[in-house]
>>> print(open('start06.cif').read())   # mmCIF, C-alpha atoms, pLDDT in the B column; chains and numbers go by the auth columns
data_final
loop_
_atom_site.group_PDB
_atom_site.id
_atom_site.type_symbol
_atom_site.label_atom_id
_atom_site.label_comp_id
_atom_site.label_asym_id
_atom_site.label_seq_id
_atom_site.Cartn_x
_atom_site.Cartn_y
_atom_site.Cartn_z
_atom_site.B_iso_or_equiv
_atom_site.auth_seq_id
_atom_site.auth_asym_id
ATOM 1 C CA MET A 1 138.713 24.604 58.638 61.00 23 A
ATOM 2 C CA SER A 2 137.424 23.894 62.113 67.00 24 A
ATOM 3 C CA GLU A 3 138.583 20.780 63.932 66.00 25 A
ATOM 4 C CA ALA A 4 134.995 19.466 63.975 64.00 26 A
ATOM 5 C CA ALA A 5 134.776 19.815 60.181 76.00 27 A
ATOM 6 C CA GLU A 6 138.171 18.180 59.744 80.00 28 A
ATOM 7 C CA ASN A 7 136.916 14.994 61.402 83.00 29 A
ATOM 8 C CA ALA A 8 133.428 15.059 59.873 91.00 30 A
ATOM 9 C CA THR A 9 132.120 12.738 57.193 93.00 31 A
ATOM 10 C CA ALA A 10 131.337 14.047 53.719 90.00 32 A
ATOM 11 C CA GLY A 11 127.646 13.277 54.329 91.00 33 A
ATOM 12 C CA TYR A 12 127.590 15.431 57.440 93.00 34 A
ATOM 13 C CA LEU A 13 129.310 18.311 55.653 92.00 35 A
ATOM 14 C CA VAL A 14 126.938 18.094 52.673 92.00 36 A
ATOM 15 C CA TRP A 15 123.996 18.160 55.083 93.00 37 A
ATOM 16 C CA ARG A 16 125.399 21.143 57.015 94.00 38 A
ATOM 17 C CA LEU A 17 126.190 23.083 53.831 94.00 39 A
ATOM 18 C CA SER A 18 122.767 22.394 52.326 94.00 40 A
ATOM 19 C CA THR A 19 121.074 23.444 55.567 96.00 41 A
ATOM 20 C CA LYS A 20 123.195 26.598 55.808 96.00 42 A
ATOM 21 C CA TRP A 21 122.333 27.449 52.188 96.00 43 A
ATOM 22 C CA ARG A 22 118.599 26.774 52.577 96.00 44 A
ATOM 23 C CA VAL A 23 118.347 28.926 55.706 97.00 45 A
ATOM 24 C CA ALA A 24 120.321 31.770 54.081 97.00 46 A
ATOM 25 C CA VAL A 25 118.179 31.716 50.932 97.00 47 A
ATOM 26 C CA ASP A 26 114.969 31.512 52.990 97.00 48 A
ATOM 27 C CA ARG A 27 116.001 34.631 54.916 97.00 49 A
ATOM 28 C CA ALA A 28 117.190 36.470 51.823 97.00 50 A
ATOM 29 C CA VAL A 29 114.050 35.938 49.722 98.00 51 A
ATOM 30 C CA ALA A 30 111.542 36.345 52.579 98.00 52 A
ATOM 31 C CA PRO A 31 111.256 40.132 51.995 97.00 53 A
ATOM 32 C CA LEU A 32 110.103 39.284 48.450 97.00 54 A
ATOM 33 C CA GLY A 33 107.367 37.036 49.883 96.00 55 A
ATOM 34 C CA LEU A 34 109.109 33.799 48.887 97.00 56 A
ATOM 35 C CA THR A 35 110.475 30.706 50.556 96.00 57 A
ATOM 36 C CA HIS A 36 113.581 28.866 49.388 96.00 58 A
ATOM 37 C CA ALA A 37 111.444 26.166 47.739 96.00 59 A
ATOM 38 C CA GLN A 38 109.280 28.757 45.968 97.00 60 A
ATOM 39 C CA TYR A 39 112.441 30.496 44.794 98.00 61 A
ATOM 40 C CA ALA A 40 113.794 27.193 43.429 97.00 62 A
ATOM 41 C CA VAL A 41 110.593 26.676 41.428 97.00 63 A
ATOM 42 C CA MET A 42 110.449 30.251 40.148 97.00 64 A
ATOM 43 C CA ALA A 43 114.153 30.531 39.289 98.00 65 A
ATOM 44 C CA SER A 44 113.970 27.207 37.454 97.00 66 A
ATOM 45 C CA LEU A 45 110.880 28.361 35.547 97.00 67 A
ATOM 46 C CA TYR A 46 112.674 31.610 34.729 97.00 68 A
ATOM 47 C CA GLY A 47 115.728 29.820 33.356 96.00 69 A
ATOM 48 C CA MET A 48 113.713 27.231 31.449 95.00 70 A
ATOM 49 C CA GLY A 49 111.446 29.940 30.041 93.00 71 A
ATOM 50 C CA ARG A 50 114.445 31.908 28.758 93.00 72 A
ATOM 51 C CA THR A 51 115.326 28.895 26.601 92.00 73 A
ATOM 52 C CA GLY A 52 111.774 28.630 25.290 91.00 74 A
ATOM 53 C CA LEU A 53 110.640 25.786 27.524 90.00 75 A
ATOM 54 C CA ARG A 54 107.276 25.727 29.214 92.00 76 A
ATOM 55 C CA PRO A 55 107.692 22.754 31.560 94.00 77 A
ATOM 56 C CA SER A 56 105.026 20.550 33.021 93.00 78 A
ATOM 57 C CA GLN A 57 104.908 20.227 36.780 93.00 79 A
ATOM 58 C CA ARG A 58 106.542 16.801 36.390 94.00 80 A
ATOM 59 C CA GLU A 59 109.366 18.185 34.213 94.00 81 A
ATOM 60 C CA LEU A 60 109.920 20.973 36.726 96.00 82 A
ATOM 61 C CA ALA A 61 110.026 18.422 39.551 95.00 83 A
ATOM 62 C CA ASP A 62 112.660 16.431 37.650 94.00 84 A
ATOM 63 C CA HIS A 63 114.645 19.611 36.988 94.00 85 A
ATOM 64 C CA THR A 64 114.592 20.840 40.594 94.00 86 A
ATOM 65 C CA GLY A 65 114.872 17.483 42.347 92.00 87 A
ATOM 66 C CA LEU A 66 111.701 18.219 44.315 94.00 88 A
ATOM 67 C CA GLU A 67 108.890 15.705 44.671 95.00 89 A
ATOM 68 C CA PRO A 68 106.140 16.145 42.034 94.00 90 A
ATOM 69 C CA LEU A 69 103.432 16.505 44.686 95.00 91 A
ATOM 70 C CA TYR A 70 105.453 19.247 46.410 96.00 92 A
ATOM 71 C CA VAL A 71 105.949 21.077 43.104 96.00 93 A
ATOM 72 C CA SER A 72 102.196 20.878 42.536 95.00 94 A
ATOM 73 C CA LYS A 73 101.505 22.422 45.962 96.00 95 A
ATOM 74 C CA LEU A 74 104.117 25.128 45.408 97.00 96 A
ATOM 75 C CA ALA A 75 102.735 25.911 41.938 96.00 97 A
ATOM 76 C CA ARG A 76 99.200 26.250 43.309 96.00 98 A
ATOM 77 C CA ALA A 77 100.371 28.632 46.037 97.00 99 A
ATOM 78 C CA LEU A 78 102.392 30.663 43.533 97.00 100 A
ATOM 79 C CA GLU A 79 99.377 30.749 41.197 97.00 101 A
ATOM 80 C CA THR A 80 97.196 32.064 44.045 97.00 102 A
ATOM 81 C CA ALA A 81 99.825 34.764 44.665 97.00 103 A
ATOM 82 C CA GLY A 82 99.691 35.740 40.978 97.00 104 A
ATOM 83 C CA LEU A 83 103.288 34.704 40.284 98.00 105 A
ATOM 84 C CA VAL A 84 102.760 31.536 38.214 97.00 106 A
ATOM 85 C CA ALA A 85 100.206 30.571 35.581 96.00 107 A
ATOM 86 C CA ARG A 86 99.095 26.941 35.411 94.00 108 A
ATOM 87 C CA ALA A 87 97.394 25.547 32.309 93.00 109 A
ATOM 88 C CA ARG A 88 96.414 22.093 31.082 92.00 110 A
ATOM 89 C CA ASP A 89 98.585 20.754 28.289 88.00 111 A
ATOM 90 C CA PRO A 90 96.404 20.431 25.163 88.00 112 A
ATOM 91 C CA ASP A 91 98.394 17.358 24.068 88.00 113 A
ATOM 92 C CA ASP A 92 98.229 15.620 27.469 89.00 114 A
ATOM 93 C CA PRO A 93 95.247 16.540 29.639 85.00 115 A
ATOM 94 C CA ARG A 94 96.952 14.992 32.694 88.00 116 A
ATOM 95 C CA ALA A 95 99.877 17.429 32.459 90.00 117 A
ATOM 96 C CA ILE A 96 99.880 20.968 33.834 91.00 118 A
ATOM 97 C CA ARG A 97 102.217 23.463 32.109 93.00 119 A
ATOM 98 C CA LEU A 98 103.734 26.293 34.147 95.00 120 A
ATOM 99 C CA THR A 99 104.859 29.793 33.258 95.00 121 A
ATOM 100 C CA LEU A 100 105.790 32.843 35.256 97.00 122 A
ATOM 101 C CA THR A 101 103.428 35.792 35.128 97.00 123 A
ATOM 102 C CA ASP A 102 104.845 39.273 34.501 97.00 124 A
ATOM 103 C CA GLN A 103 104.812 39.888 38.251 98.00 125 A
ATOM 104 C CA GLY A 104 106.458 36.483 38.789 97.00 126 A
ATOM 105 C CA ARG A 105 109.255 37.329 36.323 97.00 127 A
ATOM 106 C CA ASP A 106 109.875 40.654 38.070 98.00 128 A
ATOM 107 C CA ILE A 107 110.080 39.093 41.530 98.00 129 A
ATOM 108 C CA THR A 108 112.202 36.226 40.219 98.00 130 A
ATOM 109 C CA ARG A 109 114.733 38.603 38.656 98.00 131 A
ATOM 110 C CA ARG A 110 115.010 40.450 41.952 98.00 132 A
ATOM 111 C CA ALA A 111 115.323 37.188 43.909 98.00 133 A
ATOM 112 C CA ILE A 112 118.009 35.892 41.552 98.00 134 A
ATOM 113 C CA GLY A 113 120.036 39.038 42.214 97.00 135 A
ATOM 114 C CA VAL A 114 119.733 38.521 45.966 97.00 136 A
ATOM 115 C CA VAL A 115 120.673 34.833 45.756 97.00 137 A
ATOM 116 C CA GLN A 116 123.621 35.596 43.471 96.00 138 A
ATOM 117 C CA GLY A 117 124.894 37.918 46.204 96.00 139 A
ATOM 118 C CA LEU A 118 124.667 35.037 48.678 96.00 140 A
ATOM 119 C CA LEU A 119 126.483 32.763 46.252 95.00 141 A
ATOM 120 C CA ASP A 120 129.262 35.364 45.977 95.00 142 A
ATOM 121 C CA GLN A 121 129.579 35.287 49.771 95.00 143 A
ATOM 122 C CA LEU A 122 129.529 31.496 49.935 95.00 144 A
ATOM 123 C CA LEU A 123 132.177 31.039 47.256 96.00 145 A
ATOM 124 C CA ALA A 124 134.446 33.913 48.313 96.00 146 A
ATOM 125 C CA PRO A 125 136.742 31.533 50.285 95.00 147 A
ATOM 126 C CA LEU A 126 137.220 29.567 47.035 95.00 148 A
ATOM 127 C CA GLY A 127 138.190 32.642 45.041 94.00 149 A
ATOM 128 C CA GLY A 128 134.694 33.747 44.021 93.00 150 A
ATOM 129 C CA GLN A 129 132.170 32.286 41.595 92.00 151 A
ATOM 130 C CA ARG A 130 134.465 32.529 38.599 92.00 152 A
ATOM 131 C CA GLY A 131 137.618 31.334 40.315 94.00 153 A
ATOM 132 C CA PRO A 132 139.192 28.000 39.364 95.00 154 A
ATOM 133 C CA ARG A 133 138.536 26.449 42.797 96.00 155 A
ATOM 134 C CA ALA A 134 134.841 27.373 42.662 95.00 156 A
ATOM 135 C CA ARG A 135 134.549 25.987 39.112 95.00 157 A
ATOM 136 C CA GLU A 136 136.183 22.732 40.255 96.00 158 A
ATOM 137 C CA PHE A 137 133.887 22.620 43.292 94.00 159 A
ATOM 138 C CA THR A 138 130.897 23.040 40.963 94.00 160 A
ATOM 139 C CA ARG A 139 132.142 20.187 38.751 95.00 161 A
ATOM 140 C CA GLU A 140 132.578 17.947 41.804 94.00 162 A
ATOM 141 C CA LEU A 141 129.045 18.769 42.985 93.00 163 A
ATOM 142 C CA ALA A 142 127.672 17.934 39.531 93.00 164 A
ATOM 143 C CA ILE A 143 129.446 14.557 39.635 94.00 165 A
ATOM 144 C CA LEU A 144 127.870 13.804 43.005 92.00 166 A
ATOM 145 C CA LEU A 145 124.432 14.869 41.778 89.00 167 A
ATOM 146 C CA ASP A 146 124.743 12.546 38.782 90.00 168 A
ATOM 147 C CA ALA A 147 125.726 9.555 40.924 90.00 169 A
ATOM 148 C CA PRO A 148 122.850 7.145 41.607 89.00 170 A
ATOM 149 C CA LEU A 149 121.710 7.185 45.194 83.00 171 A
ATOM 150 C CA ASP A 150 119.304 4.411 46.100 84.00 172 A
ATOM 151 C CA PRO A 151 119.767 2.717 49.466 80.00 173 A
ATOM 152 C CA TYR A 152 118.366 -0.561 48.125 79.00 174 A
ATOM 153 C CA THR A 153 120.461 -1.041 44.989 70.00 175 A
ATOM 154 C CA GLU A 154 123.872 -1.771 46.438 61.00 176 A
ATOM 155 C CA ASN A 155 123.247 -1.977 50.173 54.00 177 A
ATOM 156 C CA GLU A 156 120.410 -4.428 50.657 54.00 178 A
ATOM 157 C CA THR A 157 119.040 -4.534 54.155 52.00 179 A
ATOM 158 C CA GLU A 158 119.777 -7.618 56.229 51.00 180 A
ATOM 159 C CA THR A 159 116.097 -8.634 56.036 52.00 181 A
ATOM 160 C CA GLU A 160 116.198 -8.599 52.234 54.00 182 A
ATOM 161 C CA LYS A 161 119.373 -10.707 52.194 53.00 183 A
ATOM 162 C CA GLU A 162 117.800 -13.295 54.460 54.00 184 A
ATOM 163 C CA GLN A 163 114.668 -13.743 52.354 55.00 185 A
ATOM 164 C CA PRO A 164 114.712 -16.680 49.895 52.00 186 A
#
>>> encode(input="start06.cif", output="structure tokens")
Amino acid sequence: MSEAAENATAGYLVWRLSTKWRVAVDRAVAPLGLTHAQYAVMASLYGMGRTGLRPSQRELADHTGLEPLYVSKLARALETAGLVARARDPDDPRAIRLTLTDQGRDITRRAIGVVQGLLDQLLAPLGGQRGPRAREFTRELAILLDAPLDPYTENETETEKEQP
């Protein structure tokens, strides 16, 4: 571990790792005509579809952690590219259901293979994806993702504290 990383805060390291990962995935999926965000949407749709789910844009936003408006924009672009099909939900006309097209499934499978290769590289120092350290790291990340993170719940701003 570098000396700079040794003295860094967890927040800084999370930011650096997420940035490193996003840039690597962006570069890796670019030859397939995708961005990292498009890959996240398509890979999530692929996984959800394999379990029989056909999520709404809102459900996909909740699943990916992306903003609903951003998912909507991504879905429209992917629809224009012929990779995603969007359809109104017959039970809720406000909801749009998403599925991958055949072409979208093919590209997603290829992209998943590429990203899995990156994940192998990333987790190699921890003994690889199936190693005990990587599994523990994954559990720790899941704990952090499940923790509430709202700057106004526990750390009120000084202005809010001063108001009657």
>>> resolve_selection(input="start06.cif", expression="the PyMOL selection byres ((chain A and resi 164-167) around 12)", output="ChimeraX atom specification")
/A:32-33,36,85-87,157-163,168-171
>>> write_last_selection(input="start06.cif", atoms="C-alpha atoms", output="PDB file, in the coordinates of the input")
ATOM      1  CA  ALA A  32     131.337  14.047  53.719  1.00 90.00           C
ATOM      2  CA  GLY A  33     127.646  13.277  54.329  1.00 91.00           C
ATOM      3  CA  VAL A  36     126.938  18.094  52.673  1.00 92.00           C
ATOM      4  CA  HIS A  85     114.645  19.611  36.988  1.00 94.00           C
ATOM      5  CA  THR A  86     114.592  20.840  40.594  1.00 94.00           C
ATOM      6  CA  GLY A  87     114.872  17.483  42.347  1.00 92.00           C
ATOM      7  CA  ARG A 157     134.549  25.987  39.112  1.00 95.00           C
ATOM      8  CA  GLU A 158     136.183  22.732  40.255  1.00 96.00           C
ATOM      9  CA  PHE A 159     133.887  22.620  43.292  1.00 94.00           C
ATOM     10  CA  THR A 160     130.897  23.040  40.963  1.00 94.00           C
ATOM     11  CA  ARG A 161     132.142  20.187  38.751  1.00 95.00           C
ATOM     12  CA  GLU A 162     132.578  17.947  41.804  1.00 94.00           C
ATOM     13  CA  LEU A 163     129.045  18.769  42.985  1.00 93.00           C
ATOM     14  CA  ASP A 168     124.743  12.546  38.782  1.00 90.00           C
ATOM     15  CA  ALA A 169     125.726   9.555  40.924  1.00 90.00           C
ATOM     16  CA  PRO A 170     122.850   7.145  41.607  1.00 89.00           C
ATOM     17  CA  LEU A 171     121.710   7.185  45.194  1.00 83.00           C
TER      18      LEU A 171
END
>>> residues_around(input="start06.cif", residues="Arg98 (chain A)", least_positions_apart="3", cutoff="12 Å", atoms="all atoms listed in the file", output="number ranges by chain")
A: 60, 63, 79, 91-95, 101-109, 118-120
>>> resolve_selection(input="start06.cif", expression="the PyMOL selection byres ((chain A and resi 69) around 12)", output="PDB file with C-alpha atoms, keeping the file's coordinate frame")
ATOM      1  CA  TYR A  61     112.441  30.496  44.794  1.00 98.00           C
ATOM      2  CA  ALA A  62     113.794  27.193  43.429  1.00 97.00           C
ATOM      3  CA  VAL A  63     110.593  26.676  41.428  1.00 97.00           C
ATOM      4  CA  MET A  64     110.449  30.251  40.148  1.00 97.00           C
ATOM      5  CA  ALA A  65     114.153  30.531  39.289  1.00 98.00           C
ATOM      6  CA  SER A  66     113.970  27.207  37.454  1.00 97.00           C
ATOM      7  CA  LEU A  67     110.880  28.361  35.547  1.00 97.00           C
ATOM      8  CA  TYR A  68     112.674  31.610  34.729  1.00 97.00           C
ATOM      9  CA  MET A  70     113.713  27.231  31.449  1.00 95.00           C
ATOM     10  CA  GLY A  71     111.446  29.940  30.041  1.00 93.00           C
ATOM     11  CA  ARG A  72     114.445  31.908  28.758  1.00 93.00           C
ATOM     12  CA  THR A  73     115.326  28.895  26.601  1.00 92.00           C
ATOM     13  CA  GLY A  74     111.774  28.630  25.290  1.00 91.00           C
ATOM     14  CA  LEU A  75     110.640  25.786  27.524  1.00 90.00           C
ATOM     15  CA  ARG A  76     107.276  25.727  29.214  1.00 92.00           C
ATOM     16  CA  PRO A  77     107.692  22.754  31.560  1.00 94.00           C
ATOM     17  CA  LEU A  82     109.920  20.973  36.726  1.00 96.00           C
ATOM     18  CA  HIS A  85     114.645  19.611  36.988  1.00 94.00           C
ATOM     19  CA  THR A  86     114.592  20.840  40.594  1.00 94.00           C
ATOM     20  CA  THR A 121     104.859  29.793  33.258  1.00 95.00           C
ATOM     21  CA  LEU A 122     105.790  32.843  35.256  1.00 97.00           C
ATOM     22  CA  ARG A 127     109.255  37.329  36.323  1.00 97.00           C
ATOM     23  CA  THR A 130     112.202  36.226  40.219  1.00 98.00           C
ATOM     24  CA  ARG A 131     114.733  38.603  38.656  1.00 98.00           C
ATOM     25  CA  ILE A 134     118.009  35.892  41.552  1.00 98.00           C
TER      26      ILE A 134
END
>>> residues_around(input="start06.cif", residues="Val137 (chain A)", least_positions_apart="4", cutoff="8 Å", atoms="all atoms listed in the file", output="NGL selection string")
:A and (47 or 50-51 or 133 or 141)
>>> atom_distance(input="start06.cif", atom1="CA of Gly139 (chain A)", atom2="CA of Trp43 (chain A)")
12.3 Å
>>> residues_around(input="start06.cif", residues="Leu144 (chain A)", least_positions_apart="6", cutoff="10 Å", atoms="all atoms listed in the file", output="PyMOL selection string")
chain A and resi 39+42-43+138+150-151+156
>>> axis_aligned_box(input="start06.cif", around="region 75-90 of chain A", padding_each_side="8 Å", output="lines of an AutoDock Vina configuration file")
center_x = 109.9
center_y = 20.7
center_z = 36.1
size_x = 26.0
size_y = 26.1
size_z = 33.1
>>> decode(input="start06.cif", residues="region 157-175 of chain A", atoms="N, CA, C and O atoms", output="PDB file, in the first residue's frame")
ATOM      1  N   ARG A 157     -14.142 -12.414  -0.943  1.00  0.00           N
ATOM      2  CA  ARG A 157     -15.511 -12.639  -0.448  1.00  0.00           C
ATOM      3  C   ARG A 157     -15.786 -11.753   0.772  1.00  0.00           C
ATOM      4  O   ARG A 157     -16.866 -11.185   0.903  1.00  0.00           O
ATOM      5  N   GLU A 158     -14.811 -11.622   1.660  1.00  0.00           N
ATOM      6  CA  GLU A 158     -14.972 -10.756   2.829  1.00  0.00           C
ATOM      7  C   GLU A 158     -15.079  -9.291   2.398  1.00  0.00           C
ATOM      8  O   GLU A 158     -15.907  -8.535   2.917  1.00  0.00           O
ATOM      9  N   PHE A 159     -14.261  -8.894   1.438  1.00  0.00           N
ATOM     10  CA  PHE A 159     -14.321  -7.538   0.898  1.00  0.00           C
ATOM     11  C   PHE A 159     -15.712  -7.262   0.322  1.00  0.00           C
ATOM     12  O   PHE A 159     -16.301  -6.199   0.571  1.00  0.00           O
ATOM     13  N   THR A 160     -16.265  -8.212  -0.394  1.00  0.00           N
ATOM     14  CA  THR A 160     -17.600  -8.078  -0.973  1.00  0.00           C
ATOM     15  C   THR A 160     -18.645  -7.931   0.125  1.00  0.00           C
ATOM     16  O   THR A 160     -19.554  -7.092   0.031  1.00  0.00           O
ATOM     17  N   ARG A 161     -18.529  -8.728   1.187  1.00  0.00           N
ATOM     18  CA  ARG A 161     -19.463  -8.603   2.319  1.00  0.00           C
ATOM     19  C   ARG A 161     -19.367  -7.223   2.968  1.00  0.00           C
ATOM     20  O   ARG A 161     -20.382  -6.614   3.301  1.00  0.00           O
ATOM     21  N   GLU A 162     -18.149  -6.734   3.139  1.00  0.00           N
ATOM     22  CA  GLU A 162     -17.947  -5.408   3.742  1.00  0.00           C
ATOM     23  C   GLU A 162     -18.549  -4.319   2.848  1.00  0.00           C
ATOM     24  O   GLU A 162     -19.193  -3.388   3.350  1.00  0.00           O
ATOM     25  N   LEU A 163     -18.377  -4.432   1.541  1.00  0.00           N
ATOM     26  CA  LEU A 163     -18.978  -3.462   0.627  1.00  0.00           C
ATOM     27  C   LEU A 163     -20.499  -3.492   0.724  1.00  0.00           C
ATOM     28  O   LEU A 163     -21.151  -2.442   0.729  1.00  0.00           O
ATOM     29  N   ALA A 164     -21.068  -4.684   0.815  1.00  0.00           N
ATOM     30  CA  ALA A 164     -22.526  -4.815   0.928  1.00  0.00           C
ATOM     31  C   ALA A 164     -23.027  -4.156   2.211  1.00  0.00           C
ATOM     32  O   ALA A 164     -24.075  -3.491   2.211  1.00  0.00           O
ATOM     33  N   ILE A 165     -22.291  -4.305   3.298  1.00  0.00           N
ATOM     34  CA  ILE A 165     -22.666  -3.658   4.561  1.00  0.00           C
ATOM     35  C   ILE A 165     -22.677  -2.146   4.378  1.00  0.00           C
ATOM     36  O   ILE A 165     -23.618  -1.461   4.809  1.00  0.00           O
ATOM     37  N   LEU A 166     -21.651  -1.613   3.737  1.00  0.00           N
ATOM     38  CA  LEU A 166     -21.592  -0.170   3.519  1.00  0.00           C
ATOM     39  C   LEU A 166     -22.718   0.308   2.606  1.00  0.00           C
ATOM     40  O   LEU A 166     -23.291   1.378   2.823  1.00  0.00           O
ATOM     41  N   LEU A 167     -23.045  -0.473   1.594  1.00  0.00           N
ATOM     42  CA  LEU A 167     -24.135  -0.093   0.692  1.00  0.00           C
ATOM     43  C   LEU A 167     -25.483  -0.108   1.391  1.00  0.00           C
ATOM     44  O   LEU A 167     -26.373   0.669   1.048  1.00  0.00           O
ATOM     45  N   ASP A 168     -25.645  -0.967   2.381  1.00  0.00           N
ATOM     46  CA  ASP A 168     -26.908  -1.049   3.115  1.00  0.00           C
ATOM     47  C   ASP A 168     -27.043   0.027   4.195  1.00  0.00           C
ATOM     48  O   ASP A 168     -28.138   0.278   4.691  1.00  0.00           O
ATOM     49  N   ALA A 169     -25.939   0.655   4.560  1.00  0.00           N
ATOM     50  CA  ALA A 169     -25.975   1.680   5.603  1.00  0.00           C
ATOM     51  C   ALA A 169     -26.644   2.942   5.068  1.00  0.00           C
ATOM     52  O   ALA A 169     -26.357   3.375   3.952  1.00  0.00           O
ATOM     53  N   PRO A 170     -27.555   3.535   5.847  1.00  0.00           N
ATOM     54  CA  PRO A 170     -28.191   4.777   5.386  1.00  0.00           C
ATOM     55  C   PRO A 170     -27.150   5.882   5.247  1.00  0.00           C
ATOM     56  O   PRO A 170     -26.200   5.954   6.025  1.00  0.00           O
ATOM     57  N   LEU A 171     -27.347   6.700   4.248  1.00  0.00           N
ATOM     58  CA  LEU A 171     -26.394   7.783   4.007  1.00  0.00           C
ATOM     59  C   LEU A 171     -27.172   9.019   3.584  1.00  0.00           C
ATOM     60  O   LEU A 171     -27.442   9.233   2.413  1.00  0.00           O
ATOM     61  N   ASP A 172     -27.565   9.796   4.572  1.00  0.00           N
ATOM     62  CA  ASP A 172     -28.308  11.030   4.328  1.00  0.00           C
ATOM     63  C   ASP A 172     -27.659  12.108   5.174  1.00  0.00           C
ATOM     64  O   ASP A 172     -27.681  12.034   6.401  1.00  0.00           O
ATOM     65  N   PRO A 173     -27.085  13.118   4.539  1.00  0.00           N
ATOM     66  CA  PRO A 173     -26.349  14.130   5.313  1.00  0.00           C
ATOM     67  C   PRO A 173     -27.216  14.919   6.282  1.00  0.00           C
ATOM     68  O   PRO A 173     -26.686  15.578   7.159  1.00  0.00           O
ATOM     69  N   TYR A 174     -28.541  14.833   6.182  1.00  0.00           N
ATOM     70  CA  TYR A 174     -29.394  15.629   7.041  1.00  0.00           C
ATOM     71  C   TYR A 174     -30.033  14.833   8.166  1.00  0.00           C
ATOM     72  O   TYR A 174     -30.721  15.398   8.988  1.00  0.00           O
ATOM     73  N   THR A 175     -29.828  13.523   8.234  1.00  0.00           N
ATOM     74  CA  THR A 175     -30.462  12.760   9.294  1.00  0.00           C
ATOM     75  C   THR A 175     -29.699  12.851  10.609  1.00  0.00           C
ATOM     76  O   THR A 175     -30.290  13.085  11.644  1.00  0.00           O
TER      77      THR A 175
END
